[in-house]
file input05.cif (mmCIF, C-alpha atoms)
data_target
loop_
_atom_site.group_PDB
_atom_site.id
_atom_site.type_symbol
_atom_site.label_atom_id
_atom_site.label_comp_id
_atom_site.auth_asym_id
_atom_site.auth_seq_id
_atom_site.Cartn_x
_atom_site.Cartn_y
_atom_site.Cartn_z
ATOM 1 C CA MET J 1 63.578 178.752 111.515
ATOM 2 C CA SER J 2 62.902 175.210 112.595
ATOM 3 C CA ASN J 3 65.200 172.909 114.515
ATOM 4 C CA GLY J 4 66.275 171.060 111.382
ATOM 5 C CA GLN J 5 67.397 174.042 109.343
ATOM 6 C CA ALA J 6 70.306 174.935 111.627
ATOM 7 C CA THR J 7 72.504 172.016 110.658
ATOM 8 C CA THR J 8 73.449 172.786 107.037
ATOM 9 C CA VAL J 9 77.142 172.113 106.608
ATOM 10 C CA GLU J 10 77.684 171.778 102.896
ATOM 11 C CA ILE J 11 76.185 173.632 99.954
ATOM 12 C CA SER J 12 73.491 171.411 98.492
ATOM 13 C CA PRO J 13 71.668 172.174 95.231
ATOM 14 C CA PHE J 14 68.415 171.279 96.946
ATOM 15 C CA ALA J 15 68.614 173.790 99.835
ATOM 16 C CA ILE J 16 68.354 170.874 102.218
ATOM 17 C CA PRO J 17 71.307 168.964 103.701
ATOM 18 C CA ASN J 18 72.248 165.942 101.610
ATOM 19 C CA GLY J 19 72.072 163.671 104.625
ATOM 20 C CA ARG J 20 68.507 164.626 105.453
ATOM 21 C CA LEU J 21 67.370 164.290 101.820
ATOM 22 C CA GLY J 22 69.118 160.953 101.570
ATOM 23 C CA MET J 23 67.477 159.672 104.722
ATOM 24 C CA TRP J 24 64.004 160.734 103.547
ATOM 25 C CA LEU J 25 64.614 158.967 100.207
ATOM 26 C CA PHE J 26 65.634 155.852 102.099
ATOM 27 C CA ILE J 27 62.532 156.112 104.295
ATOM 28 C CA ALA J 28 60.391 156.408 101.151
ATOM 29 C CA SER J 29 61.838 153.130 99.862
ATOM 30 C CA GLU J 30 61.258 151.453 103.215
ATOM 31 C CA ILE J 31 57.631 152.642 103.153
ATOM 32 C CA MET J 32 57.267 150.699 99.906
ATOM 33 C CA LEU J 33 58.794 147.629 101.499
ATOM 34 C CA PHE J 34 56.333 147.535 104.380
ATOM 35 C CA ALA J 35 53.405 148.604 102.185
ATOM 36 C CA THR J 36 53.791 145.505 100.027
ATOM 37 C CA LEU J 37 53.704 143.337 103.136
ATOM 38 C CA PHE J 38 50.468 145.011 104.201
ATOM 39 C CA THR J 39 49.036 144.413 100.710
ATOM 40 C CA SER J 40 49.926 140.727 101.044
ATOM 41 C CA TYR J 41 48.210 140.651 104.427
ATOM 42 C CA ILE J 42 45.038 142.175 102.969
ATOM 43 C CA ILE J 43 44.904 139.796 100.014
ATOM 44 C CA TYR J 44 45.597 136.682 102.069
ATOM 45 C CA ARG J 45 43.031 137.672 104.658
ATOM 46 C CA ILE J 46 40.365 138.204 101.983
ATOM 47 C CA ALA J 47 41.281 134.879 100.386
ATOM 48 C CA SER J 48 41.268 132.767 103.527
ATOM 49 C CA PRO J 49 38.102 130.935 104.531
ATOM 50 C CA GLU J 50 39.027 131.561 108.152
ATOM 51 C CA TRP J 51 41.353 134.029 109.874
ATOM 52 C CA PRO J 52 41.847 134.593 113.589
ATOM 53 C CA ARG J 53 40.973 137.906 115.260
ATOM 54 C CA GLY J 54 44.226 139.361 116.564
ATOM 55 C CA TRP J 55 43.434 139.105 120.294
ATOM 56 C CA GLU J 56 42.581 135.412 119.953
ATOM 57 C CA VAL J 57 46.136 134.414 119.064
ATOM 58 C CA LEU J 58 48.470 137.233 120.040
ATOM 59 C CA ASN J 59 49.380 138.816 123.366
ATOM 60 C CA VAL J 60 47.718 142.235 123.111
ATOM 61 C CA ARG J 61 49.128 143.391 126.437
ATOM 62 C CA LEU J 62 52.743 142.771 125.396
ATOM 63 C CA GLY J 63 52.045 144.386 122.033
ATOM 64 C CA ALA J 64 50.578 147.450 123.731
ATOM 65 C CA ILE J 65 53.549 147.686 126.084
ATOM 66 C CA ASN J 66 55.888 147.491 123.086
ATOM 67 C CA THR J 67 53.899 150.250 121.364
ATOM 68 C CA TYR J 68 54.251 152.469 124.396
ATOM 69 C CA ILE J 69 57.972 151.664 124.645
ATOM 70 C CA LEU J 70 58.617 152.687 121.044
ATOM 71 C CA ILE J 71 56.609 155.898 121.394
ATOM 72 C CA ALA J 72 58.564 156.795 124.544
ATOM 73 C CA SER J 73 61.829 156.043 122.737
ATOM 74 C CA SER J 74 60.752 158.371 119.920
ATOM 75 C CA VAL J 75 60.249 161.126 122.493
ATOM 76 C CA THR J 76 63.669 160.569 124.045
ATOM 77 C CA MET J 77 65.237 160.442 120.569
ATOM 78 C CA VAL J 78 63.840 163.827 119.557
ATOM 79 C CA LEU J 79 64.838 165.231 122.945
ATOM 80 C CA ALA J 80 68.385 163.948 122.387
ATOM 81 C CA PHE J 81 68.444 165.773 119.061
ATOM 82 C CA SER J 82 67.165 168.999 120.586
ATOM 83 C CA LYS J 83 69.985 168.758 123.136
ATOM 84 C CA THR J 84 72.578 168.611 120.347
ATOM 85 C CA LEU J 85 71.193 171.937 119.130
ATOM 86 C CA THR J 86 71.363 173.519 122.580
ATOM 87 C CA ARG J 87 74.828 171.962 123.051
ATOM 88 C CA ASP J 88 73.819 170.144 126.219
ATOM 89 C CA ARG J 89 76.126 167.143 125.985
ATOM 90 C CA LYS J 90 75.159 165.525 129.277
ATOM 91 C CA TRP J 91 71.442 165.343 128.543
ATOM 92 C CA PHE J 92 72.075 164.397 124.906
ATOM 93 C CA ALA J 93 73.950 161.328 126.078
ATOM 94 C CA ARG J 94 71.286 160.495 128.661
ATOM 95 C CA PHE J 95 68.379 160.791 126.249
ATOM 96 C CA LEU J 96 70.161 158.843 123.511
ATOM 97 C CA GLY J 97 71.131 156.208 126.056
ATOM 98 C CA ILE J 98 67.506 155.846 127.176
ATOM 99 C CA THR J 99 66.429 155.564 123.510
ATOM 100 C CA ILE J 100 68.896 152.716 122.994
ATOM 101 C CA LEU J 101 67.763 151.038 126.202
ATOM 102 C CA LEU J 102 64.099 151.221 125.249
ATOM 103 C CA GLY J 103 64.926 149.754 121.847
ATOM 104 C CA CYS J 104 66.636 146.827 123.549
ATOM 105 C CA VAL J 105 63.641 146.318 125.875
ATOM 106 C CA PHE J 106 61.390 146.196 122.792
ATOM 107 C CA LEU J 107 63.566 143.455 121.294
ATOM 108 C CA VAL J 108 63.606 141.491 124.557
ATOM 109 C CA ILE J 109 59.799 141.578 124.790
ATOM 110 C CA LYS J 110 59.575 140.535 121.139
ATOM 111 C CA SER J 111 61.838 137.573 121.847
ATOM 112 C CA PHE J 112 59.542 136.556 124.721
ATOM 113 C CA GLU J 113 56.579 136.621 122.327
ATOM 114 C CA TYR J 114 58.434 134.599 119.714
ATOM 115 C CA SER J 115 59.750 132.004 122.136
ATOM 116 C CA ALA J 116 56.259 131.554 123.597
ATOM 117 C CA LYS J 117 54.996 130.824 120.097
ATOM 118 C CA PHE J 118 57.846 128.415 119.350
ATOM 119 C CA ALA J 119 57.261 126.633 122.650
ATOM 120 C CA HIS J 120 53.712 125.897 121.493
ATOM 121 C CA GLY J 121 55.050 124.500 118.222
ATOM 122 C CA ILE J 122 53.938 127.572 116.269
ATOM 123 C CA SER J 123 56.247 128.731 113.495
ATOM 124 C CA PRO J 124 55.940 130.713 110.238
ATOM 125 C CA ALA J 125 54.994 127.409 108.583
ATOM 126 C CA THR J 126 51.946 126.897 110.803
ATOM 127 C CA SER J 127 49.550 129.050 108.786
ATOM 128 C CA ILE J 128 49.393 132.032 106.456
ATOM 129 C CA PHE J 129 48.516 134.271 109.394
ATOM 130 C CA TYR J 130 51.628 133.204 111.292
ATOM 131 C CA ALA J 131 53.769 133.437 108.168
ATOM 132 C CA LEU J 132 52.713 137.068 107.830
ATOM 133 C CA TYR J 133 52.978 137.705 111.567
ATOM 134 C CA PHE J 134 56.557 136.459 111.798
ATOM 135 C CA THR J 135 57.611 138.107 108.526
ATOM 136 C CA ILE J 136 56.178 141.539 109.315
ATOM 137 C CA THR J 137 57.210 141.676 112.960
ATOM 138 C CA GLY J 138 60.553 140.013 112.179
ATOM 139 C CA LEU J 139 61.419 142.536 109.491
ATOM 140 C CA HIS J 140 60.355 145.332 111.812
ATOM 141 C CA ALA J 141 62.447 143.894 114.667
ATOM 142 C CA LEU J 142 65.419 143.844 112.291
ATOM 143 C CA HIS J 143 64.871 147.558 111.726
ATOM 144 C CA VAL J 144 64.662 148.166 115.474
ATOM 145 C CA PHE J 145 67.927 146.270 115.910
ATOM 146 C CA SER J 146 69.570 148.331 113.153
ATOM 147 C CA GLY J 147 68.368 151.505 114.841
ATOM 148 C CA VAL J 148 69.802 150.364 118.165
ATOM 149 C CA VAL J 149 73.157 149.667 116.481
ATOM 150 C CA ILE J 150 73.176 153.046 114.716
ATOM 151 C CA ASN J 151 72.243 154.962 117.857
ATOM 152 C CA SER J 152 74.826 153.083 119.931
ATOM 153 C CA THR J 153 77.482 153.841 117.339
ATOM 154 C CA LEU J 154 76.589 157.534 117.380
ATOM 155 C CA LEU J 155 76.632 157.599 121.174
ATOM 156 C CA TRP J 156 80.113 156.096 121.037
ATOM 157 C CA LEU J 157 81.251 158.482 118.288
ATOM 158 C CA SER J 158 79.990 161.488 120.267
ATOM 159 C CA ARG J 159 83.063 161.147 122.457
ATOM 160 C CA LYS J 160 85.229 162.399 119.586
ATOM 161 C CA GLN J 161 82.697 164.068 117.266
ATOM 162 C CA TRP J 162 80.533 166.133 119.605
ATOM 163 C CA GLU J 163 82.301 169.365 118.600
ATOM 164 C CA LYS J 164 82.133 168.667 114.886
ATOM 165 C CA PRO J 165 79.626 170.724 112.878
ATOM 166 C CA PHE J 166 78.168 167.687 111.126
ATOM 167 C CA PHE J 167 77.348 165.775 114.286
ATOM 168 C CA ALA J 168 73.920 167.296 114.926
ATOM 169 C CA GLY J 169 72.919 166.361 111.374
ATOM 170 C CA ARG J 170 73.898 162.762 112.051
ATOM 171 C CA ILE J 171 71.694 162.638 115.130
ATOM 172 C CA GLU J 172 68.860 164.172 113.148
ATOM 173 C CA CYS J 173 69.100 161.512 110.429
ATOM 174 C CA ALA J 174 69.331 158.706 112.970
ATOM 175 C CA GLY J 175 66.265 160.235 114.604
ATOM 176 C CA LEU J 176 64.351 160.231 111.326
ATOM 177 C CA PHE J 177 65.080 156.505 110.916
ATOM 178 C CA TRP J 178 64.047 155.788 114.496
ATOM 179 C CA HIS J 179 60.770 157.704 114.159
ATOM 180 C CA PHE J 180 60.052 155.806 110.944
ATOM 181 C CA VAL J 181 60.534 152.515 112.797
ATOM 182 C CA ASP J 182 58.046 153.786 115.393
ATOM 183 C CA VAL J 183 55.522 154.787 112.714
ATOM 184 C CA VAL J 184 55.713 151.332 111.112
ATOM 185 C CA TRP J 185 54.959 149.688 114.456
ATOM 186 C CA ILE J 186 52.041 152.097 114.979
ATOM 187 C CA PHE J 187 50.455 150.510 111.916
ATOM 188 C CA VAL J 188 51.670 146.945 112.486
ATOM 189 C CA PHE J 189 50.285 146.715 116.034
ATOM 190 C CA PRO J 190 46.584 147.295 115.257
ATOM 191 C CA THR J 191 46.776 145.354 111.984
ATOM 192 C CA LEU J 192 48.122 142.166 113.548
ATOM 193 C CA TYR J 193 46.999 142.379 117.173
ATOM 194 C CA LEU J 194 43.734 144.322 117.285
ATOM 195 C CA ILE J 195 41.533 143.474 114.271
ATOM 196 C CA MET W 1 66.963 180.277 122.071
ATOM 197 C CA THR W 2 66.236 178.805 125.493
ATOM 198 C CA ASP W 3 62.580 179.838 125.325
ATOM 199 C CA LYS W 4 62.167 178.304 121.891
ATOM 200 C CA ASN W 5 63.809 175.138 123.104
ATOM 201 C CA HIS W 6 61.587 174.989 126.181
ATOM 202 C CA SER W 7 58.511 175.395 124.026
ATOM 203 C CA SER W 8 59.839 172.626 121.757
ATOM 204 C CA ILE W 9 60.245 170.300 124.713
ATOM 205 C CA ARG W 10 56.775 171.188 125.941
ATOM 206 C CA ILE W 11 55.332 170.367 122.503
ATOM 207 C CA TYR W 12 57.167 167.042 122.450
ATOM 208 C CA LEU W 13 55.762 166.126 125.835
ATOM 209 C CA TRP W 14 52.229 167.127 124.804
ATOM 210 C CA ILE W 15 52.530 164.935 121.703
ATOM 211 C CA PHE W 16 53.825 162.117 123.904
ATOM 212 C CA GLY W 17 50.727 162.486 126.064
ATOM 213 C CA ALA W 18 48.447 162.494 123.031
ATOM 214 C CA LEU W 19 50.133 159.383 121.617
ATOM 215 C CA THR W 20 49.807 157.586 124.951
ATOM 216 C CA VAL W 21 46.093 158.407 125.132
ATOM 217 C CA LEU W 22 45.528 157.315 121.520
ATOM 218 C CA THR W 23 47.360 154.026 122.161
ATOM 219 C CA GLY W 24 45.116 153.442 125.155
ATOM 220 C CA VAL W 25 42.039 154.184 123.041
ATOM 221 C CA THR W 26 43.130 151.730 120.320
ATOM 222 C CA VAL W 27 43.677 148.962 122.844
ATOM 223 C CA ALA W 28 40.427 149.717 124.703
ATOM 224 C CA VAL W 29 38.437 149.647 121.453
ATOM 225 C CA SER W 30 39.890 146.230 120.641
ATOM 226 C CA TYR W 31 38.393 144.875 123.858
ATOM 227 C CA LEU W 32 34.943 145.764 122.500
ATOM 228 C CA HIS W 33 35.453 142.973 119.924
ATOM 229 C CA LEU W 34 33.733 145.015 117.234
ATOM 230 C CA PRO W 35 32.782 143.377 113.927
ATOM 231 C CA LEU W 36 35.550 143.391 111.341
ATOM 232 C CA GLY W 37 34.484 146.406 109.275
ATOM 233 C CA PRO W 38 34.190 149.006 112.049
ATOM 234 C CA ALA W 39 37.202 147.502 113.847
ATOM 235 C CA ILE W 40 39.424 147.963 110.798
ATOM 236 C CA ALA W 41 38.144 151.482 110.075
ATOM 237 C CA LEU W 42 38.635 152.646 113.651
ATOM 238 C CA ALA W 43 42.065 151.019 114.001
ATOM 239 C CA ILE W 44 43.359 152.544 110.760
ATOM 240 C CA LEU W 45 41.919 155.955 111.640
ATOM 241 C CA ILE W 46 43.621 156.090 115.039
ATOM 242 C CA ALA W 47 46.876 154.670 113.646
ATOM 243 C CA THR W 48 46.935 157.313 110.903
ATOM 244 C CA LEU W 49 46.366 160.030 113.489
ATOM 245 C CA LYS W 50 49.238 158.756 115.662
ATOM 246 C CA ALA W 51 51.564 158.382 112.694
ATOM 247 C CA SER W 52 50.719 161.922 111.550
ATOM 248 C CA LEU W 53 51.606 163.313 114.973
ATOM 249 C CA VAL W 54 54.958 161.502 114.970
ATOM 250 C CA ALA W 55 55.715 162.582 111.407
ATOM 251 C CA ALA W 56 54.650 166.197 111.864
ATOM 252 C CA TYR W 57 56.290 166.950 115.204
ATOM 253 C CA PHE W 58 59.044 164.383 115.870
ATOM 254 C CA MET W 59 60.230 164.177 112.275
ATOM 255 C CA HIS W 60 59.661 167.934 111.924
ATOM 256 C CA LEU W 61 57.624 167.478 108.757
ATOM 257 C CA ARG W 62 55.518 170.477 109.730
ATOM 258 C CA PHE W 63 58.545 172.685 109.214
ATOM 259 C CA GLU W 64 60.126 170.778 106.361
ATOM 260 C CA ARG W 65 60.795 171.930 102.809
ATOM 261 C CA VAL W 66 58.277 171.375 100.017
ATOM 262 C CA LEU W 67 60.757 169.009 98.356
ATOM 263 C CA ILE W 68 60.283 166.450 101.125
ATOM 264 C CA PHE W 69 56.498 166.850 101.012
ATOM 265 C CA GLY W 70 56.628 166.251 97.262
ATOM 266 C CA LEU W 71 58.727 163.141 97.768
ATOM 267 C CA LEU W 72 56.328 161.750 100.363
ATOM 268 C CA ALA W 73 53.260 162.646 98.288
ATOM 269 C CA MET W 74 54.729 160.739 95.353
ATOM 270 C CA THR W 75 55.506 157.817 97.654
ATOM 271 C CA ALA W 76 51.947 157.816 99.010
ATOM 272 C CA PHE W 77 50.489 157.989 95.500
ATOM 273 C CA ILE W 78 52.505 155.022 94.234
ATOM 274 C CA MET W 79 51.832 153.142 97.447
ATOM 275 C CA ILE W 80 48.060 153.573 97.024
ATOM 276 C CA ILE W 81 48.332 152.248 93.477
ATOM 277 C CA LEU W 82 50.318 149.273 94.785
ATOM 278 C CA PHE W 83 47.534 148.654 97.285
ATOM 279 C CA ILE W 84 44.580 149.064 94.947
ATOM 280 C CA VAL W 85 45.834 147.226 91.845
ATOM 281 C CA PRO W 86 46.689 143.848 93.414
ATOM 282 C CA ILE W 87 43.662 143.823 95.703
ATOM 283 C CA THR W 88 41.106 144.668 93.020
ATOM 284 C CA ALA W 89 42.836 142.359 90.557
ATOM 285 C CA PHE W 90 42.664 139.545 93.048
ATOM 286 C CA VAL W 91 39.129 140.117 94.258
ATOM 287 C CA GLY W 92 37.676 141.171 90.903
ATOM 288 C CA ILE W 93 39.249 138.744 88.483
ATOM 289 C CA THR W 94 39.591 135.566 90.479
ATOM 290 C CA PRO W 95 36.491 135.300 92.653
ATOM 291 C CA SER W 96 36.897 131.558 92.993
ATOM 292 C CA ALA W 97 40.320 131.994 94.518
ATOM 293 C CA ALA W 98 39.012 134.895 96.575
ATOM 294 C CA ILE W 99 36.756 132.623 98.570
ATOM 295 C CA GLY W 100 39.408 130.000 99.147
ATOM 296 C CA HIS W 101 37.944 127.324 96.899
ATOM 297 C CA PRO W 102 40.119 126.850 93.789
ATOM 298 C CA THR W 103 38.383 125.143 90.858
ATOM 299 C CA PRO W 104 39.427 121.467 90.580
ATOM 300 C CA ILE W 105 41.476 120.346 87.578
ATOM 301 C CA GLU W 106 39.976 117.537 85.536
ATOM 302 C CA THR W 107 42.198 114.514 84.994
ATOM 303 C CA HIS W 108 41.807 111.750 82.399
ATOM 304 C CA ASP W 109 42.594 108.106 83.038
ATOM 305 C CA HIS W 110 44.668 106.397 80.326
#
call {"tool": "encode", "arguments": {"input": "input05.cif", "output": "structure tokens"}}
result
Amino acid sequence: MSNGQATTVEISPFAIPNGRLGMWLFIASEIMLFATLFTSYIIYRIASPEWPRGWEVLNVRLGAINTYILIASSVTMVLAFSKTLTRDRKWFARFLGITILLGCVFLVIKSFEYSAKFAHGISPATSIFYALYFTITGLHALHVFSGVVINSTLLWLSRKQWEKPFFAGRIECAGLFWHFVDVVWIFVFPTLYLI
Amino acid sequence: MTDKNHSSIRIYLWIFGALTVLTGVTVAVSYLHLPLGPAIALAILIATLKASLVAAYFMHLRFERVLIFGLLAMTAFIMIILFIVPITAFVGITPSAAIGHPTPIETHDH
């Protein structure tokens, strides 16, 4: 049996916990949201007489660091979940805390990138490329922020809810959302920064 | 239980290593400043590989029920349609707009 199967609390007609099914459905809708933004990017890039190569206008090093940060946070997130299954409360809290911290570092680095652009008078209105850059990375940053809030809330709630049977399922669902946020960035980074 | 958990952690760390290497490869390839076609193909290929690793092992998709696979397959199918239809419609039907030169509108003086 896999890690995920051990957390069934209620009888669901689908043989999968409602929370996990619900989170996957939500992720499916979010995939659509980001997919349409990528479609817009493709069409606008084809239509434009000129379009910068990513490294010419964006800080590839900061983008790469952010990619690494999100991947590391995904690792710590899944480790936090595995610790809820082995009932290791101390390391659960540590791993979840590191995940939250890494998410905050991502947002801080993003704000450095944005403020550097604004300082040069560059805004979403500057060009189609920048409109797409700010929209895509801004929407993604909003998701990172939401994930940080959710994870922080769960870390706080663990004080009272650690012993509850549904708690591991909550961490699993939060983990699914966080991994999705990581996957989106895995596609956003090369699309905007590297080609 | 402990052994299984240890092997899980080991797998997670291996995947972490693989993702780190793949990120390094993507960034290194970008420094080659390849022409657009190969650059896009390579970037998408590596990104898909990384995303698959995260989905399969961190999101436990490898061990997940068929229901979730079905849901994601349907999502991917509709997503591909949503990619192909607008792009081919744009490029195929409006070539003048596709090259960034809209046709001018004639005006009449009164």
call {"tool": "residues_around", "arguments": {"input": "input05.cif", "residues": "range 178-188 of chain J", "least_positions_apart": "3", "cutoff": "8 Å", "atoms": "only C-alpha atoms", "output": "list in words"}}
result
Ile27, Phe34, Thr67, Leu70, Ile71, Ser74, Met77, Ile136, Thr137, His140, His143, Val144, Gly147, Ala174, Gly175, Thr191 and Leu192 of chain J; Ile44, Ala47, Thr48, Lys50, Ala51, Val54, Ala55, Phe58 and Met59 of chain W
call {"tool": "closest_atom_pairs", "arguments": {"input": "input05.cif", "of": "chain W", "to": "chain J", "cutoff": "8 Å", "atoms": "all atoms listed in the file", "output": "tab-separated table"}}
result
residue	atom	partner	partner_atom	distance
W:Thr2	CA	J:Thr86	CA	7.9
W:Asn5	CA	J:Ser82	CA	7.4
W:Ile9	CA	J:Leu79	CA	7.1
W:Tyr12	CA	J:Val75	CA	6.7
W:Leu13	CA	J:Val75	CA	7.5
W:Phe16	CA	J:Val75	CA	6.7
W:Leu19	CA	J:Ile71	CA	7.4
W:Thr20	CA	J:Tyr68	CA	6.8
W:Thr23	CA	J:Tyr68	CA	7.4
W:Thr26	CA	J:Pro190	CA	7.6
W:Val27	CA	J:Ala64	CA	7.1
W:Ser30	CA	J:Leu194	CA	5.4
W:Leu36	CA	J:Ile195	CA	6.7
W:Ala39	CA	J:Ile195	CA	5.9
W:Ile40	CA	J:Ile195	CA	6.1
W:Ala43	CA	J:Pro190	CA	6.0
W:Ile44	CA	J:Phe187	CA	7.5
W:Ala47	CA	J:Phe187	CA	5.8
W:Thr48	CA	J:Phe187	CA	7.7
W:Lys50	CA	J:Ile186	CA	7.3
W:Ala51	CA	J:Val183	CA	5.3
W:Val54	CA	J:His179	CA	7.0
W:Ala55	CA	J:His179	CA	7.5
W:Phe58	CA	J:Val78	CA	6.1
W:Met59	CA	J:Leu176	CA	5.8
W:His60	CA	J:Gly4	CA	7.3
W:Phe63	CA	J:Ser2	CA	6.1
W:Glu64	CA	J:Gly4	CA	7.9
W:Arg65	CA	J:Ile16	CA	7.7
W:Ile68	CA	J:Trp24	CA	7.2
W:Leu71	CA	J:Leu25	CA	7.6
W:Leu72	CA	J:Ala28	CA	6.8
W:Thr75	CA	J:Ala28	CA	6.2
W:Met79	CA	J:Met32	CA	6.4
W:Leu82	CA	J:Thr36	CA	7.3
W:Phe83	CA	J:Thr39	CA	5.7
W:Pro86	CA	J:Thr39	CA	7.7
W:Ile87	CA	J:Ile43	CA	6.0
W:Phe90	CA	J:Ile43	CA	7.3
W:Ala97	CA	J:Ala47	CA	6.6
W:Ala98	CA	J:Ala47	CA	4.4
W:Ile99	CA	J:Ala47	CA	5.4
W:Gly100	CA	J:Ala47	CA	5.4
call {"tool": "resolve_selection", "arguments": {"input": "input05.cif", "expression": "the PyMOL selection byres ((chain J and resi 170) around 12)", "output": "PyMOL selection string"}}
result
chain J and resi 4+7-9+17-20+22-23+80-81+84-85+150-151+153-155+157-158+161-162+164-169+171-177
call {"tool": "atom_distance", "arguments": {"input": "input05.cif", "atom1": "CA of Ala131 in chain J", "atom2": "CA of Asn59 in chain J"}}
result
16.7 Å
call {"tool": "closest_residue", "arguments": {"input": "input05.cif", "among": "J:Asn66, J:Ser123, J:Thr135, J:Ser152", "to": "Ile100 in chain J", "atoms": "all atoms listed in the file"}}
result
J:Ser152
call {"tool": "axis_aligned_box", "arguments": {"input": "input05.cif", "around": "range 137-145 of chain J", "padding_each_side": "8 Å", "output": "AutoDock Vina command-line options"}}
result
--center_x 62.6 --center_y 144.1 --center_z 112.7 --size_x 26.7 --size_y 24.2 --size_z 22.4
call {"tool": "atom_distance", "arguments": {"input": "input05.cif", "atom1": "CA of Leu62 in chain J", "atom2": "CA of Ser115 in chain J"}}
result
13.3 Å
call {"tool": "atom_distance", "arguments": {"input": "input05.cif", "atom1": "CA of Trp91 in chain J", "atom2": "CA of Arg159 in chain J"}}
result
13.8 Å
call {"tool": "decode", "arguments": {"input": "input05.cif", "residues": "range 41-56 of chain J", "atoms": "C-alpha atoms", "output": "mmCIF file, in the first residue's frame"}}
result
data_model
loop_
_atom_site.group_PDB
_atom_site.id
_atom_site.type_symbol
_atom_site.label_atom_id
_atom_site.label_comp_id
_atom_site.auth_asym_id
_atom_site.auth_seq_id
_atom_site.Cartn_x
_atom_site.Cartn_y
_atom_site.Cartn_z
ATOM 1 C CA TYR J 41 2.303 33.592 -24.585
ATOM 2 C CA ILE J 42 2.697 31.357 -27.643
ATOM 3 C CA ILE J 43 0.267 33.347 -29.773
ATOM 4 C CA TYR J 44 1.688 36.733 -28.815
ATOM 5 C CA ARG J 45 5.226 35.554 -29.417
ATOM 6 C CA ILE J 46 4.326 34.255 -32.889
ATOM 7 C CA ALA J 47 2.517 37.508 -33.655
ATOM 8 C CA SER J 48 5.224 39.896 -32.515
ATOM 9 C CA PRO J 49 7.747 41.196 -35.032
ATOM 10 C CA GLU J 50 10.349 41.135 -32.279
ATOM 11 C CA TRP J 51 10.585 39.340 -28.933
ATOM 12 C CA PRO J 52 13.494 39.268 -26.505
ATOM 13 C CA ARG J 53 15.345 36.042 -25.670
ATOM 14 C CA GLY J 54 14.750 35.367 -21.983
ATOM 15 C CA TRP J 55 18.349 35.857 -20.794
ATOM 16 C CA GLU J 56 18.536 39.268 -22.470
#
